[in-house]
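K.L.:
Input structure: protein-v4.pdb, which contains PDB, C-alpha atoms and all ligand atoms.
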ATOM      1  CA  MET A 163       0.000   0.000   0.000
ATOM      2  CA  LYS A 164       1.412   3.398  -1.008
ATOM      3  CA  THR A 165       1.199   6.381   1.346
ATOM      4  CA  ILE A 166      -0.627   9.518   0.164
ATOM      5  CA  LEU A 167       2.717  11.321  -0.086
ATOM      6  CA  GLU A 168       4.174   8.536  -2.251
ATOM      7  CA  GLU A 169       1.125   8.657  -4.508
ATOM      8  CA  ARG A 170       1.393  12.435  -4.851
ATOM      9  CA  LEU A 171       5.111  12.251  -5.650
ATOM     10  CA  GLU A 172       4.489   9.552  -8.244
ATOM     11  CA  LEU A 173       1.733  11.628  -9.826
ATOM     12  CA  LYS A 174       4.035  14.666  -9.901
ATOM     13  CA  ARG A 175       6.717  12.545 -11.571
ATOM     14  CA  GLU A 176       4.277  11.300 -14.245
ATOM     15  CA  ILE A 177       3.203  14.863 -15.063
ATOM     16  CA  GLU A 178       6.872  15.899 -15.210
ATOM     17  CA  LYS A 179       7.474  13.116 -17.734
ATOM     18  CA  VAL A 180       4.583  14.443 -19.853
ATOM     19  CA  ALA A 181       6.179  17.901 -19.814
ATOM     20  CA  GLU A 182       9.570  16.401 -20.717
ATOM     21  CA  VAL A 183       8.129  14.495 -23.696
ATOM     22  CA  ALA A 184       6.076  17.509 -24.845
ATOM     23  CA  GLY A 185       9.386  19.410 -25.086
ATOM     24  CA  TYR A 186      10.939  16.627 -27.189
ATOM     25  CA  LEU A 187       7.919  16.591 -29.532
ATOM     26  CA  TRP A 188       8.256  20.309 -30.124
ATOM     27  CA  THR A 189      12.053  20.276 -30.658
ATOM     28  CA  LYS A 190      11.753  17.341 -33.048
ATOM     29  CA  GLY A 191       9.305  19.303 -35.186
ATOM     30  CA  TRP A 192       6.540  16.785 -34.619
ATOM     31  CA  ALA A 193       4.202  19.242 -32.847
ATOM     32  CA  GLU A 194       3.305  22.200 -35.034
ATOM     33  CA  ARG A 195       0.780  24.530 -33.401
ATOM     34  CA  ASN A 196      -1.466  22.262 -31.266
ATOM     35  CA  GLY A 197      -0.411  19.083 -33.105
ATOM     36  CA  GLY A 198      -0.431  15.840 -31.141
ATOM     37  CA  ASN A 199      -1.866  14.814 -27.810
ATOM     38  CA  ILE A 200      -1.038  12.853 -24.665
ATOM     39  CA  THR A 201      -3.227  11.113 -22.086
ATOM     40  CA  ILE A 202      -2.103   9.252 -18.959
ATOM     41  CA  ASN A 203      -4.193   6.864 -16.872
ATOM     42  CA  ILE A 204      -3.511   8.123 -13.329
ATOM     43  CA  THR A 205      -6.236   6.113 -11.572
ATOM     44  CA  ASP A 206      -3.702   4.147  -9.494
ATOM     45  CA  LEU A 207      -2.140   7.419  -8.302
ATOM     46  CA  ALA A 208      -5.394   9.126  -7.280
ATOM     47  CA  ASP A 209      -5.390   9.633  -3.508
ATOM     48  CA  SER A 210      -8.526  10.139  -1.393
ATOM     49  CA  GLY A 211      -8.212  13.924  -1.901
ATOM     50  CA  MET A 212      -8.415  13.554  -5.677
ATOM     51  CA  LYS A 213     -11.167  10.948  -5.448
ATOM     52  CA  SER A 214     -13.416  13.367  -3.545
ATOM     53  CA  MET A 215     -12.738  16.426  -5.709
ATOM     54  CA  ALA A 216     -15.818  18.198  -7.065
ATOM     55  CA  ALA A 217     -16.256  18.591 -10.805
ATOM     56  CA  ILE A 218     -15.264  21.954 -12.305
ATOM     57  CA  SER A 219     -17.107  21.333 -15.593
ATOM     58  CA  ASP A 220     -20.470  20.096 -16.746
ATOM     59  CA  ILE A 221     -20.752  16.430 -17.586
ATOM     60  CA  ILE A 222     -19.346  15.951 -21.089
ATOM     61  CA  LYS A 223     -20.707  13.122 -23.272
ATOM     62  CA  LEU A 224     -18.345  10.711 -24.998
ATOM     63  CA  ASP A 225     -18.988   9.164 -28.448
ATOM     64  CA  VAL A 226     -18.204   5.702 -27.091
ATOM     65  CA  GLU A 227     -18.949   3.572 -24.022
ATOM     66  CA  LEU A 228     -15.901   2.596 -21.954
ATOM     67  CA  PRO A 229     -16.958  -0.195 -19.574
ATOM     68  CA  ASN A 230     -13.475  -0.737 -18.110
ATOM     69  CA  LEU A 231     -12.938   2.913 -17.148
ATOM     70  CA  LYS A 232     -15.753   3.519 -14.637
ATOM     71  CA  GLY A 233     -14.437   6.121 -12.138
ATOM     72  CA  ALA A 234     -10.985   6.217 -13.783
ATOM     73  CA  PHE A 235      -8.820   9.373 -13.742
ATOM     74  CA  PHE A 236      -6.765  10.726 -16.648
ATOM     75  CA  TYR A 237      -4.418  13.588 -17.290
ATOM     76  CA  CYS A 238      -5.250  14.860 -20.816
ATOM     77  CA  LYS A 239      -3.603  17.450 -23.018
ATOM     78  CA  GLY A 240      -6.127  20.215 -23.721
ATOM     79  CA  THR A 241      -7.565  20.610 -27.197
ATOM     80  CA  ASN A 242      -5.879  23.371 -29.173
ATOM     81  CA  LYS A 243      -3.076  23.570 -26.615
ATOM     82  CA  ARG A 244       0.533  23.638 -27.785
ATOM     83  CA  MET A 245       3.107  20.995 -26.801
ATOM     84  CA  ARG A 246       5.692  23.740 -26.448
ATOM     85  CA  ASP A 247       3.502  25.438 -23.824
ATOM     86  CA  LEU A 248       2.654  22.153 -22.142
ATOM     87  CA  ALA A 249       6.391  21.489 -21.753
ATOM     88  CA  ARG A 250       6.579  24.433 -19.350
ATOM     89  CA  PHE A 251       3.099  24.488 -17.831
ATOM     90  CA  PRO A 252       1.479  21.037 -18.039
ATOM     91  CA  MET A 253      -1.418  21.872 -15.723
ATOM     92  CA  ASP A 254      -2.337  25.058 -17.623
ATOM     93  CA  ASN A 255      -2.407  23.225 -20.952
ATOM     94  CA  GLY A 256      -4.191  20.075 -19.853
ATOM     95  CA  SER A 257      -6.579  18.876 -17.189
ATOM     96  CA  VAL A 258      -7.507  15.912 -15.017
ATOM     97  CA  ILE A 259     -10.789  14.189 -15.841
ATOM     98  CA  ARG A 260     -12.860  11.498 -14.126
ATOM     99  CA  ILE A 261     -14.967   9.027 -16.127
ATOM    100  CA  CYS A 262     -18.549   9.040 -14.826
ATOM    101  CA  ASP A 263     -20.341   5.938 -13.556
ATOM    102  CA  ASP A 264     -22.317   5.558 -16.820
ATOM    103  CA  CYS A 265     -18.953   4.993 -18.610
ATOM    104  CA  LYS A 266     -20.264   7.252 -21.418
ATOM    105  CA  SER A 267     -19.280  10.676 -20.090
ATOM    106  CA  TYR A 268     -16.644  12.464 -18.053
ATOM    107  CA  GLU A 269     -16.137  15.589 -15.970
ATOM    108  CA  ILE A 270     -13.080  17.770 -15.457
ATOM    109  CA  ILE A 271     -11.874  17.898 -11.848
ATOM    110  CA  ALA A 272      -8.529  19.773 -11.906
ATOM    111  CA  ASP A 273      -6.764  22.203 -12.165
ATOM    112  CA  ASN A 274      -8.531  24.343 -14.807
ATOM    113  CA  PRO A 275     -11.579  23.558 -16.958
ATOM    114  CA  VAL A 276      -9.406  22.937 -20.027
ATOM    115  CA  LYS A 277     -11.355  20.798 -22.525
ATOM    116  CA  PRO A 278      -9.417  17.589 -23.337
ATOM    117  CA  THR A 279      -7.946  16.822 -26.739
ATOM    118  CA  SER A 280     -10.205  16.329 -29.756
ATOM    119  CA  GLU A 281      -8.678  12.833 -30.060
ATOM    120  CA  ILE A 282     -10.141  11.843 -26.685
ATOM    121  CA  THR A 283     -12.270   9.094 -28.290
ATOM    122  CA  ALA A 284      -9.194   7.292 -29.629
ATOM    123  CA  HIS A 285      -7.174   7.849 -26.448
ATOM    124  CA  LEU A 286      -9.839   6.653 -24.015
ATOM    125  CA  SER A 287     -10.854   3.741 -26.268
ATOM    126  CA  VAL A 288      -7.225   2.583 -26.239
ATOM    127  CA  HIS A 289      -6.992   2.957 -22.434
ATOM    128  CA  ASN A 290     -10.276   1.047 -22.052
ATOM    129  CA  HIS A 291      -8.925  -1.731 -24.273
ATOM    130  CA  MET A 292      -5.625  -1.872 -22.353
ATOM    131  CA  VAL A 293      -7.325  -2.070 -18.950
ATOM    132  CA  GLY A 294      -9.586  -4.824 -20.345
ATOM    133  CA  LYS A 295      -6.529  -6.803 -21.425
ATOM    134  CA  GLY A 296      -4.870  -6.381 -18.009
ATOM    135  CA  SER A 297      -2.019  -4.473 -19.651
ATOM    136  CA  ASN A 298       0.365  -2.202 -17.700
ATOM    137  CA  TYR A 299       0.169   0.499 -20.362
ATOM    138  CA  LYS A 300      -0.785   3.833 -18.841
ATOM    139  CA  ALA A 301       0.287   6.323 -21.520
ATOM    140  CA  VAL A 302      -1.089   7.068 -24.981
ATOM    141  CA  LEU A 303       0.744   9.390 -27.364
ATOM    142  CA  HIS A 304      -0.403  10.780 -30.704
ATOM    143  CA  THR A 305       2.114  12.858 -32.656
ATOM    144  CA  HIS A 306       2.975  14.028 -36.206
ATOM    145  CA  PRO A 307       6.512  12.715 -36.971
ATOM    146  CA  ILE A 308       7.586  14.286 -40.264
ATOM    147  CA  GLU A 309       9.373  11.382 -41.961
ATOM    148  CA  LEU A 310       6.839   8.693 -41.006
ATOM    149  CA  VAL A 311       3.915  10.856 -42.133
ATOM    150  CA  ALA A 312       5.747  11.604 -45.404
ATOM    151  CA  MET A 313       6.242   7.874 -46.006
ATOM    152  CA  SER A 314       2.502   7.294 -45.499
ATOM    153  CA  HIS A 315       1.887   9.307 -48.706
ATOM    154  CA  ASN A 316       3.340   6.436 -50.752
ATOM    155  CA  PRO A 317       0.663   3.743 -51.412
ATOM    156  CA  GLU A 318       3.393   1.097 -51.641
ATOM    157  CA  PHE A 319       4.324   1.692 -47.989
ATOM    158  CA  LEU A 320       0.700   1.302 -46.897
ATOM    159  CA  LYS A 321       0.549  -2.357 -47.933
ATOM    160  CA  LYS A 322       0.569  -4.773 -45.003
ATOM    161  CA  ASP A 323       3.946  -4.894 -43.221
ATOM    162  CA  VAL A 324       5.912  -3.264 -46.076
ATOM    163  CA  LEU A 325       6.873  -0.227 -43.998
ATOM    164  CA  THR A 326       7.496  -2.306 -40.863
ATOM    165  CA  LYS A 327       9.966  -4.536 -42.723
ATOM    166  CA  LEU A 328      11.682  -1.601 -44.400
ATOM    167  CA  LEU A 329      12.084   0.277 -41.086
ATOM    168  CA  TRP A 330      13.295  -2.833 -39.242
ATOM    169  CA  SER A 331      15.925  -3.417 -41.918
ATOM    170  CA  MET A 332      17.516   0.054 -41.611
ATOM    171  CA  ILE A 333      19.250  -0.562 -38.254
ATOM    172  CA  PRO A 334      19.145  -3.670 -36.012
ATOM    173  CA  GLU A 335      17.827  -1.853 -32.924
ATOM    174  CA  THR A 336      14.507  -0.979 -34.575
ATOM    175  CA  LYS A 337      13.293  -4.584 -34.545
ATOM    176  CA  ALA A 338      14.727  -5.119 -31.055
ATOM    177  CA  PHE A 339      12.876  -2.133 -29.571
ATOM    178  CA  CYS A 340       9.791  -2.128 -31.777
ATOM    179  CA  PRO A 341       9.391  -5.895 -32.276
ATOM    180  CA  ARG A 342       5.732  -5.856 -33.338
ATOM    181  CA  GLY A 343       6.269  -3.040 -35.827
ATOM    182  CA  LEU A 344       4.050  -0.337 -37.290
ATOM    183  CA  GLY A 345       0.383  -1.015 -38.160
ATOM    184  CA  ILE A 346      -1.270   1.037 -40.891
ATOM    185  CA  ILE A 347      -4.700   2.640 -40.653
ATOM    186  CA  PRO A 348      -6.142   4.016 -43.901
ATOM    187  CA  TYR A 349      -7.031   7.715 -43.716
ATOM    188  CA  LYS A 350      -9.963   8.578 -41.443
ATOM    189  CA  ILE A 351     -11.299  11.855 -40.080
ATOM    190  CA  PRO A 352      -9.286  13.053 -37.036
ATOM    191  CA  GLY A 353     -11.158  12.564 -33.762
ATOM    192  CA  SER A 354     -13.636  10.053 -35.241
ATOM    193  CA  VAL A 355     -14.981   6.872 -33.653
ATOM    194  CA  GLU A 356     -13.856   4.987 -36.794
ATOM    195  CA  LEU A 357     -10.268   6.133 -36.230
ATOM    196  CA  ALA A 358     -10.484   5.037 -32.588
ATOM    197  CA  GLU A 359     -11.908   1.614 -33.454
ATOM    198  CA  SER A 360      -9.345   0.828 -36.132
ATOM    199  CA  SER A 361      -6.535   1.937 -33.801
ATOM    200  CA  LEU A 362      -7.636  -0.613 -31.192
ATOM    201  CA  LYS A 363      -7.609  -3.461 -33.672
ATOM    202  CA  GLU A 364      -4.148  -2.621 -34.986
ATOM    203  CA  LEU A 365      -2.669  -2.165 -31.505
ATOM    204  CA  ASP A 366      -3.440  -5.812 -30.783
ATOM    205  CA  ASP A 367      -0.862  -6.716 -33.427
ATOM    206  CA  TYR A 368       1.544  -3.761 -33.607
ATOM    207  CA  ASP A 369       3.531  -1.558 -31.179
ATOM    208  CA  VAL A 370       2.704   1.696 -32.954
ATOM    209  CA  VAL A 371      -0.023   2.569 -35.469
ATOM    210  CA  MET A 372       0.183   4.992 -38.358
ATOM    211  CA  TRP A 373      -2.810   7.154 -39.151
ATOM    212  CA  GLU A 374      -2.315   7.574 -42.913
ATOM    213  CA  LYS A 375      -1.280  11.130 -43.923
ATOM    214  CA  HIS A 376      -1.771  12.330 -40.323
ATOM    215  CA  GLY A 377       0.452  10.892 -37.575
ATOM    216  CA  VAL A 378       1.080   7.952 -35.267
ATOM    217  CA  LEU A 379      -0.390   6.578 -32.047
ATOM    218  CA  ALA A 380       1.822   4.778 -29.537
ATOM    219  CA  VAL A 381       1.269   3.302 -26.086
ATOM    220  CA  GLY A 382       3.621   2.603 -23.205
ATOM    221  CA  ASP A 383       3.883   1.909 -19.484
ATOM    222  CA  ASP A 384       4.765   5.592 -19.298
ATOM    223  CA  ILE A 385       4.937   8.441 -21.781
ATOM    224  CA  LEU A 386       8.727   8.156 -22.204
ATOM    225  CA  GLU A 387       8.303   4.571 -23.372
ATOM    226  CA  ALA A 388       5.582   5.555 -25.864
ATOM    227  CA  PHE A 389       7.826   8.366 -27.156
ATOM    228  CA  ASP A 390      10.824   5.996 -27.535
ATOM    229  CA  GLN A 391       8.839   3.699 -29.825
ATOM    230  CA  VAL A 392       8.030   6.540 -32.213
ATOM    231  CA  ASP A 393      11.591   7.869 -31.947
ATOM    232  CA  VAL A 394      13.117   4.502 -32.879
ATOM    233  CA  LEU A 395      10.839   4.131 -35.940
ATOM    234  CA  THR A 396      11.538   7.705 -36.986
ATOM    235  CA  LYS A 397      15.294   7.139 -36.778
ATOM    236  CA  SER A 398      14.930   4.277 -39.276
ATOM    237  CA  ALA A 399      12.778   6.451 -41.536
ATOM    238  CA  GLN A 400      15.475   9.150 -41.428
ATOM    239  CA  ILE A 401      18.200   6.649 -42.366
ATOM    240  CA  TYR A 402      16.113   5.496 -45.347
ATOM    241  CA  ILE A 403      15.505   9.075 -46.474
ATOM    242  CA  ALA A 404      19.180  10.053 -45.936
ATOM    243  CA  ALA A 405      20.254   7.213 -48.222
ATOM    244  CA  LYS A 406      17.649   8.223 -50.829
ATOM    245  CA  ASN A 407      18.897  11.816 -50.641
ATOM    246  CA  MET A 408      22.425  10.566 -51.375
ATOM    247  CA  GLY A 409      21.002   9.083 -54.567
ATOM    248  CA  PHE A 410      20.672   5.394 -53.732
ATOM    249  CA  THR A 411      18.083   3.048 -52.274
ATOM    250  CA  PRO A 412      19.507   1.569 -49.073
ATOM    251  CA  ASP A 413      20.273  -2.168 -49.161
ATOM    252  CA  GLY A 414      18.578  -2.854 -45.844
ATOM    253  CA  MET A 415      19.596  -5.763 -43.635
ATOM    254  CA  SER A 416      19.194  -9.145 -45.336
ATOM    255  CA  ASP A 417      16.303 -11.486 -44.425
ATOM    256  CA  GLU A 418      18.941 -13.764 -42.912
ATOM    257  CA  ALA A 419      20.276 -10.990 -40.664
ATOM    258  CA  MET A 420      16.720 -10.099 -39.627
ATOM    259  CA  LYS A 421      15.939 -13.731 -38.753
ATOM    260  CA  GLU A 422      19.135 -13.971 -36.734
ATOM    261  CA  MET A 423      18.099 -10.826 -34.798
ATOM    262  CA  SER A 424      14.722 -12.384 -33.966
ATOM    263  CA  VAL A 425      16.353 -15.573 -32.652
ATOM    264  CA  VAL A 426      19.123 -13.876 -30.648
ATOM    265  CA  PHE A 427      16.811 -11.230 -29.147
ATOM    266  CA  ASN A 428      13.883 -13.643 -28.764
ATOM    267  CA  LEU A 429      11.518 -11.416 -30.766
ATOM    268  CA  PRO A 430       7.907 -12.355 -31.632
ATOM    269  CA  LYS A 431       8.004 -12.411 -35.476
TER
HETATM  270  P1  LIG A 501      -5.905  18.634 -30.161
HETATM  271  O1  LIG A 501      -5.325  20.010 -30.063
HETATM  272  O2  LIG A 501      -7.406  18.631 -30.028
HETATM  273  O3  LIG A 501      -5.222  17.693 -29.172
HETATM  274  O4  LIG A 501      -5.642  18.072 -31.619
HETATM  275  C1  LIG A 501      -4.358  17.900 -32.142
HETATM  276  C2  LIG A 501      -4.255  16.778 -33.120
HETATM  277  O5  LIG A 501      -3.166  16.379 -33.432
HETATM  278  C3  LIG A 501      -5.497  16.182 -33.680
HETATM  279  O6  LIG A 501      -5.220  15.003 -34.376
HETATM  280 ZN    ZN A 502      -3.118  14.796 -35.009
END
Represent the structure of the file as structure tokens.
P.N.:
Amino acid sequence: MKTILEERLELKREIEKVAEVAGYLWTKGWAERNGGNITINITDLADSGMKSMAAISDIIKLDVELPNLKGAFFYCKGTNKRMRDLARFPMDNGSVIRICDDCKSYEIIADNPVKPTSEITAHLSVHNHMVGKGSNYKAVLHTHPIELVAMSHNPEFLKKDVLTKLLWSMIPETKAFCPRGLGIIPYKIPGSVELAESSLKELDDYDVVMWEKHGVLAVGDDILEAFDQVDVLTKSAQIYIAAKNMGFTPDGMSDEAMKEMSVVFNLPK
């Protein structure tokens, strides 16, 4: 059993990690204007003080029902808020919400009535799915990494597992740290239920999912882990593009070398 002080310190640390990652997203050029969003399931860190906090907003309806999130608490980036601002002031550019008992709505409880991200349907659907699976994942990240989004404009790369294999073959670490690869979701309207539903399906098979011509969604035990997954894939994309810019198509690691990696590192596929 954690003490209230331990819970508060852990919560503070998780919010500090969000601010740290928001800074990386901005410096990497993945977060133009309000681009991207972060949510963290902080239910396990909610002390009795937080549990009894009064709502500071009306009840806000969700587009989906989330049976595994009854009474759960989340830190959410605010809609239209900038990552570069969130990096300095996470509680002014996001808010803490509580899912209501009907599992179809939420209310904001702290610190300011900042409306959560427009991608809340996808984020909360993923959290609901993760809790249902008994997963330890607590963080969901959506961001706009330049090279990966650029690659999603080529129909060839959108065919099943083509991009995953290409990215894995650029540098051995990519398969080691992103062993289930990158799932592809054909273009759908941002913030839609359809986008949320297809993300869930793909996350059962892949570490990170690509929203065609938009961005990626990654999950992790914490937000640093989710960020690392996107960073590793982006590094491979940059190596591919660097080689192309030098005028040649990179060889990529051979199938034999890839198989050897899977055996030595005990990777799933
Ligand atoms: P929000 O500002 O609502 O989080 O939207 C940013 C975004 O990237 C939408 O896909
Ligand atoms: Zn986006």
K.L.:
Between atom CA of A:Asp206 and atom CA of A:Gly382, what is the distance in Å, rounded to a tenth?
P.N.:
15.6 Å
K.L.:
Pick from A:Asn199, A:Ser398, A:Thr189, A:Asn230: nearest to A:Cys340, with all atoms listed in the file counted?
P.N.:
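Using all atoms listed in the file, the shortest distance to A:Cys340 belongs to A:Ser398.
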K.L.:
Between stretch 165-238 of chain A and stretch 361-377 of chain A, at 10 Å or less, what are the per-residue closest atom pairs and their distances in Å? Count only C-alpha atoms, order by chain and rising residue number, and return it as a tab-separated table.
P.N.:
residue	atom	partner	partner_atom	distance
A:Trp192	CA	A:Gly377	CA	9.0
A:Gly197	CA	A:Gly377	CA	9.4
A:Gly198	CA	A:Gly377	CA	8.2
K.L.:
Under the PyMOL selection byres (((chain A and resi 234-243) around 9) and not hetatm), which residues of this model are included? Write them out as number ranges by chain.
P.N.:
A: 177, 195-208, 213, 230-233, 244-248, 252-262, 276-282, 286
K.L.:
Could you please determine the separation between atom CA of A:Pro334 and atom CA of A:Ser314 in Å, to one decimal place?
P.N.:
22.1 Å
K.L.:
Find the spatial neighbours of A:Asp323, counting all atoms listed in the file, within a cut-off of 8 Å - ignore same-chain residues fewer than 5 positions away - and output them as a PDB file with C-alpha atoms, in the coordinates of the input.
P.N.:
ATOM      1  CA  GLY A 343       6.269  -3.040 -35.827  1.00  0.00           C
ATOM      2  CA  LEU A 344       4.050  -0.337 -37.290  1.00  0.00           C
ATOM      3  CA  GLY A 345       0.383  -1.015 -38.160  1.00  0.00           C
TER       4      GLY A 345
END
K.L.:
Using only C-alpha atoms and all ligand atoms, which of A:Glu194, A:Asp225, A:Asp263, A:Asp384 sits nearest ligand LIG 501 (chain A)?
P.N.:
A:Glu194
K.L.:
Enter the distance from atom CA of A:Ile271 to atom CA of A:Val180, in Å, rounded to one decimal.
P.N.:
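Distance between the two atoms: 18.6 Å.
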K.L.:
Given the PyMOL selection byres (((chain A and resi 291) around 12) and not hetatm) and the file above, list the residues it selects as a PDB file with C-alpha atoms, in the coordinates of the input.
P.N.:
ATOM      1  CA  GLU A 227     -18.949   3.572 -24.022  1.00  0.00           C
ATOM      2  CA  LEU A 228     -15.901   2.596 -21.954  1.00  0.00           C
ATOM      3  CA  PRO A 229     -16.958  -0.195 -19.574  1.00  0.00           C
ATOM      4  CA  ASN A 230     -13.475  -0.737 -18.110  1.00  0.00           C
ATOM      5  CA  LEU A 231     -12.938   2.913 -17.148  1.00  0.00           C
ATOM      6  CA  ALA A 284      -9.194   7.292 -29.629  1.00  0.00           C
ATOM      7  CA  HIS A 285      -7.174   7.849 -26.448  1.00  0.00           C
ATOM      8  CA  LEU A 286      -9.839   6.653 -24.015  1.00  0.00           C
ATOM      9  CA  SER A 287     -10.854   3.741 -26.268  1.00  0.00           C
ATOM     10  CA  VAL A 288      -7.225   2.583 -26.239  1.00  0.00           C
ATOM     11  CA  HIS A 289      -6.992   2.957 -22.434  1.00  0.00           C
ATOM     12  CA  ASN A 290     -10.276   1.047 -22.052  1.00  0.00           C
ATOM     13  CA  MET A 292      -5.625  -1.872 -22.353  1.00  0.00           C
ATOM     14  CA  VAL A 293      -7.325  -2.070 -18.950  1.00  0.00           C
ATOM     15  CA  GLY A 294      -9.586  -4.824 -20.345  1.00  0.00           C
ATOM     16  CA  LYS A 295      -6.529  -6.803 -21.425  1.00  0.00           C
ATOM     17  CA  GLY A 296      -4.870  -6.381 -18.009  1.00  0.00           C
ATOM     18  CA  SER A 297      -2.019  -4.473 -19.651  1.00  0.00           C
ATOM     19  CA  ASN A 298       0.365  -2.202 -17.700  1.00  0.00           C
ATOM     20  CA  TYR A 299       0.169   0.499 -20.362  1.00  0.00           C
ATOM     21  CA  LYS A 300      -0.785   3.833 -18.841  1.00  0.00           C
ATOM     22  CA  VAL A 302      -1.089   7.068 -24.981  1.00  0.00           C
ATOM     23  CA  ALA A 358     -10.484   5.037 -32.588  1.00  0.00           C
ATOM     24  CA  GLU A 359     -11.908   1.614 -33.454  1.00  0.00           C
ATOM     25  CA  SER A 361      -6.535   1.937 -33.801  1.00  0.00           C
ATOM     26  CA  LEU A 362      -7.636  -0.613 -31.192  1.00  0.00           C
ATOM     27  CA  LYS A 363      -7.609  -3.461 -33.672  1.00  0.00           C
ATOM     28  CA  GLU A 364      -4.148  -2.621 -34.986  1.00  0.00           C
ATOM     29  CA  LEU A 365      -2.669  -2.165 -31.505  1.00  0.00           C
ATOM     30  CA  ASP A 366      -3.440  -5.812 -30.783  1.00  0.00           C
ATOM     31  CA  VAL A 381       1.269   3.302 -26.086  1.00  0.00           C
TER      32      VAL A 381
END
K.L.:
Which centre and edge lengths in Å to one decimal define the box along x, y and z that fits every listed atom of ligand LIG 501 (chain A) plus 3 Å per side, as JSON?
P.N.:
{"center_x": -5.3, "center_y": 17.5, "center_z": -31.8, "size_x": 10.2, "size_y": 11.0, "size_z": 11.2}
K.L.:
Do you know which residues are at most 9 Å from A:Met423 counting only C-alpha atoms, after dropping those on the same chain fewer than 4 positions away, and could you put them as an NGL selection string?
P.N.:
:A and (334 or 337-338 or 418-419 or 427-429)
K.L.:
Using all atoms listed in the file, find the one residue out of A:Met163, A:Ile351, A:Val183, A:Ile385 that sits nearest to ligand LIG 501 (chain A).
P.N.:
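Nearest to ligand LIG 501 (chain A): A:Ile351.
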K.L.:
Just the residues within 10 Å of A:Pro307, please, counting only C-alpha atoms, with nothing from its chain fewer than 4 positions along; format it as a VMD selection string.
P.N.:
chain A and resid 187 190 to 193 198 311 to 312 376 to 378 392 to 393 395 to 396 399
K.L.:
Selection in question (the file shown): the PyMOL selection byres (((chain A and resi 412) around 12) and not hetatm). Which residues does it include, as a tab-separated table (two decimals) with C-alpha atoms, in the frame of the given file?
P.N.:
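Below is the file that was written, expr29.tsv:
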chain	number	residue	atom	x	y	z
A	328	LEU	CA	11.68	-1.60	-44.40
A	329	LEU	CA	12.08	0.28	-41.09
A	331	SER	CA	15.92	-3.42	-41.92
A	332	MET	CA	17.52	0.05	-41.61
A	333	ILE	CA	19.25	-0.56	-38.25
A	398	SER	CA	14.93	4.28	-39.28
A	399	ALA	CA	12.78	6.45	-41.54
A	400	GLN	CA	15.48	9.15	-41.43
A	401	ILE	CA	18.20	6.65	-42.37
A	402	TYR	CA	16.11	5.50	-45.35
A	403	ILE	CA	15.50	9.07	-46.47
A	404	ALA	CA	19.18	10.05	-45.94
A	405	ALA	CA	20.25	7.21	-48.22
A	406	LYS	CA	17.65	8.22	-50.83
A	407	ASN	CA	18.90	11.82	-50.64
A	408	MET	CA	22.42	10.57	-51.38
A	409	GLY	CA	21.00	9.08	-54.57
A	410	PHE	CA	20.67	5.39	-53.73
A	411	THR	CA	18.08	3.05	-52.27
A	413	ASP	CA	20.27	-2.17	-49.16
A	414	GLY	CA	18.58	-2.85	-45.84
A	415	MET	CA	19.60	-5.76	-43.64
A	416	SER	CA	19.19	-9.14	-45.34
K.L.:
When you count all atoms listed in the file, which of these residues is closest to ligand ZN 502 (chain A): A:Leu320, A:Met215, A:Leu303, A:Ile347?
P.N.:
A:Leu303
K.L.:
Restricting the calculation to all atoms listed in the file: of A:Tyr186, A:Phe319, A:Phe251, A:Tyr349, which residue gets closest to ligand LIG 501 (chain A)?
P.N.:
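Using all atoms listed in the file, the shortest distance to ligand LIG 501 (chain A) belongs to A:Tyr349.
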